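To start, the structure itself, in structure tokens.
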Amino acid sequence: MGIEMPKVQTQHASKTRILDAAVQVIRAKGYSAMTIDDVCLAAGLTKGSFFHHFKSKEALALAATGHFAAMADSLFAQAPYRALHDPLERLLGYVDFRMAILQGRLPEFTCLLGTMVQETFESHPAIRQACDTHISAHAAEVAKDIAEAKSRYAPDATWSAEGLGLYTQAVIQGAFILAKARGGPEIAGECLGHLRRYLEMLFNRPKQQEATDDAFHDYR
């Protein structure tokens, strides 16, 4: 056991390095342009190490969707808005946080899932399904706060929390596309600002509570 444990840990570390590299390369180049050589170079590992963990480029992409989603889940779980008591403040804080992380180069803040699904929705159904699974799961988490806010501030509204949760992701993914088209994050931030104002319009919050926005609106 004393000999085998370091070997297992090394294999685990090398697999994680490959997944991190895949996320980096796919966000920068896209799935179609990515090669196994690109990933190995970025990871600083050999093809032998790659094929020890993954049978193919598609198998890597499928694993990368889960790896990226897990990293995103951790990021959002620890975000400041999660500590807010009011569900509407958490929802608006979520949008503020998404604006705040529009930092660095485009591949550093755009979404791996959105990037891949645009390329593979017809040619690689397994990748499309994996991207849908993780995007939908994130939307469902956002919808939990939406449902609470709807119950408190807009109980008679006819729209669904689930539909609005997916709509937030449609805006965010569209904002990433525009950021890529424009070559920078400014347009994405503008789109998310419009999303925030739209969300505020959907809820009938008492005026005295609106002042609490100042506590978290300046994430940027």
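Every chain in the structure tokens has a letter given in the order shown (A, B, ...), and although residue numbers restart at 1 in each chain, ligands are simply numbered from 1 in the order shown.
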
Within 8 Å of range 94-107 of chain A using only C-alpha atoms, minus same-chain residues under 3 positions, as a compact mmCIF listing (two decimals) with N, CA, C and O atoms, in the first residue's frame:
```
# COMPACT_ATOMS: atom_id res chain seq x y z
N GLN A 24 -8.86 24.75 -20.91
CA GLN A 24 -8.13 25.91 -21.41
C GLN A 24 -8.10 25.94 -22.94
O GLN A 24 -8.39 26.98 -23.56
N ARG A 27 -11.70 26.36 -24.61
CA ARG A 27 -12.19 27.74 -24.49
C ARG A 27 -11.46 28.68 -25.45
O ARG A 27 -12.05 29.66 -25.93
N ALA A 28 -10.20 28.39 -25.72
CA ALA A 28 -9.42 29.26 -26.59
C ALA A 28 -9.61 28.94 -28.07
O ALA A 28 -9.69 29.86 -28.91
N ALA A 79 -19.53 32.31 -3.75
CA ALA A 79 -19.68 33.71 -4.13
C ALA A 79 -20.37 34.50 -3.02
O ALA A 79 -21.21 33.96 -2.28
N TYR A 81 -22.79 36.64 -2.89
CA TYR A 81 -24.25 36.76 -2.90
C TYR A 81 -24.96 35.59 -2.23
O TYR A 81 -26.10 35.71 -1.80
N ARG A 90 -30.31 37.73 -3.64
CA ARG A 90 -29.39 36.68 -4.12
C ARG A 90 -29.44 36.58 -5.64
O ARG A 90 -28.40 36.42 -6.30
N LEU A 91 -30.64 36.68 -6.21
CA LEU A 91 -30.78 36.59 -7.67
C LEU A 91 -30.07 37.76 -8.35
O LEU A 91 -29.30 37.56 -9.30
N THR A 110 -15.37 33.07 -20.67
CA THR A 110 -16.47 32.51 -21.44
C THR A 110 -16.69 31.05 -21.05
O THR A 110 -15.87 30.44 -20.38
N CYS A 111 -17.81 30.51 -21.47
CA CYS A 111 -18.26 29.21 -20.97
C CYS A 111 -17.83 28.05 -21.89
O CYS A 111 -18.14 28.06 -23.08
N ALA A 179 -19.42 39.01 -26.89
CA ALA A 179 -18.08 39.37 -26.42
C ALA A 179 -17.01 38.83 -27.37
O ALA A 179 -16.02 39.51 -27.67
N LYS A 180 -17.21 37.60 -27.84
CA LYS A 180 -16.27 37.02 -28.79
C LYS A 180 -16.30 37.78 -30.12
O LYS A 180 -15.26 38.02 -30.75
N GLY A 183 -14.63 41.08 -29.40
CA GLY A 183 -13.26 40.98 -28.94
C GLY A 183 -13.00 41.53 -27.56
O GLY A 183 -11.86 41.86 -27.21
N GLY A 184 -14.05 41.60 -26.73
CA GLY A 184 -13.86 42.11 -25.37
C GLY A 184 -15.12 41.97 -24.54
O GLY A 184 -16.21 41.71 -25.07
N PRO A 185 -15.02 42.15 -23.21
CA PRO A 185 -16.14 41.87 -22.30
C PRO A 185 -17.16 42.99 -22.17
O PRO A 185 -18.21 42.78 -21.55
N ALA A 188 -20.72 42.25 -23.11
CA ALA A 188 -21.31 41.24 -22.23
C ALA A 188 -21.78 41.88 -20.94
O ALA A 188 -22.87 41.57 -20.44
N GLY A 189 -20.98 42.79 -20.39
CA GLY A 189 -21.39 43.49 -19.18
C GLY A 189 -22.64 44.31 -19.41
O GLY A 189 -23.53 44.37 -18.55
N LEU A 192 -25.66 41.97 -19.45
CA LEU A 192 -26.02 41.51 -18.11
C LEU A 192 -26.64 42.64 -17.30
O LEU A 192 -27.50 42.39 -16.43
N GLY A 193 -26.25 43.86 -17.56
CA GLY A 193 -26.91 45.00 -16.92
C GLY A 193 -28.38 45.08 -17.32
O GLY A 193 -29.25 45.34 -16.48
N LEU A 195 -30.15 42.51 -18.26
CA LEU A 195 -30.78 41.37 -17.60
C LEU A 195 -31.16 41.74 -16.17
O LEU A 195 -32.25 41.41 -15.71
N ARG A 196 -30.28 42.39 -15.46
CA ARG A 196 -30.54 42.78 -14.08
C ARG A 196 -31.76 43.70 -14.00
O ARG A 196 -32.64 43.52 -13.14
N PHE A 216 -24.54 45.04 -2.42
CA PHE A 216 -23.92 44.02 -3.26
C PHE A 216 -23.87 44.37 -4.74
O PHE A 216 -23.31 43.64 -5.54
N HIS A 217 -24.42 45.51 -5.11
CA HIS A 217 -24.47 45.85 -6.54
C HIS A 217 -23.11 46.23 -7.09
O HIS A 217 -22.89 46.19 -8.30
N ASP A 218 -22.16 46.62 -6.23
CA ASP A 218 -20.87 47.11 -6.69
C ASP A 218 -19.81 46.05 -6.69
O ASP A 218 -18.65 46.32 -6.38
N TYR A 219 -20.15 44.79 -7.00
CA TYR A 219 -19.15 43.74 -7.13
C TYR A 219 -18.09 44.12 -8.16
O TYR A 219 -16.94 43.74 -8.08
N ARG A 220 -18.54 44.88 -9.18
CA ARG A 220 -17.61 45.25 -10.25
C ARG A 220 -16.58 46.24 -9.75
O ARG A 220 -15.54 46.40 -10.31
```

Which residues come within 8 Å of range 151-159 of chain A, counting only C-alpha atoms, excluding same-chain residues fewer than 6 positions away, as a ChimeraX atom specification? /A:202-205

I need the residues from that last selection saved to file as a compact mmCIF listing (two decimals), in the first residue's frame (with N, CA and C atoms), if you can.
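Generated output (result00.txt):
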```
# COMPACT_ATOMS: atom_id res chain seq x y z
N LEU A 202 -39.62 42.44 -12.87
CA LEU A 202 -40.56 41.32 -12.71
C LEU A 202 -41.10 41.17 -11.28
N PHE A 203 -40.42 41.82 -10.33
CA PHE A 203 -40.80 41.62 -8.93
C PHE A 203 -41.28 42.93 -8.31
N ASN A 204 -42.32 42.82 -7.48
CA ASN A 204 -42.88 43.99 -6.81
C ASN A 204 -42.30 44.09 -5.40
N ARG A 205 -41.09 44.62 -5.32
CA ARG A 205 -40.43 44.69 -4.03
C ARG A 205 -40.72 46.03 -3.36
```

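If you look at CA of Gly44 in chain A and CA of His12 in chain A, they are 14.8 Å away from each other.
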
Residues within 12 Å of Gly48 in chain A, only C-alpha atoms, excluding chain neighbours under 4 positions, as a PyMOL selection string: chain A and resi 11+14-15+18+36-37+40+44+52-55

If you keep C-alpha atoms, can you produce a file of those selected residues as an mmCIF file, in the first residue's frame?
```cif
data_model
loop_
_atom_site.group_PDB
_atom_site.id
_atom_site.type_symbol
_atom_site.label_atom_id
_atom_site.label_comp_id
_atom_site.auth_asym_id
_atom_site.auth_seq_id
_atom_site.Cartn_x
_atom_site.Cartn_y
_atom_site.Cartn_z
ATOM 1 C CA GLN A 11 -2.413 9.290 -11.859
ATOM 2 C CA SER A 14 -2.107 13.833 -14.219
ATOM 3 C CA LYS A 15 -5.754 13.311 -15.144
ATOM 4 C CA ILE A 18 -5.210 16.960 -18.674
ATOM 5 C CA ILE A 36 -4.713 15.799 -28.409
ATOM 6 C CA ASP A 37 -1.240 17.229 -29.045
ATOM 7 C CA CYS A 40 -0.702 17.280 -23.956
ATOM 8 C CA GLY A 44 3.018 19.154 -19.966
ATOM 9 C CA HIS A 52 -3.985 6.080 -20.022
ATOM 10 C CA HIS A 53 -6.924 8.220 -18.887
ATOM 11 C CA PHE A 54 -8.953 8.848 -22.048
ATOM 12 C CA LYS A 55 -9.728 6.687 -25.059
#
```

Of the candidates A:Ala161, A:Ser49, A:Phe76, A:Glu58, which one gets nearest to Ser123 in chain A if we count only C-alpha atoms? A:Glu58

Coordinates-based distance that separates CA of Ala61 in chain A from CA of Asp132 in chain A (Å, one decimal): 13.6 Å
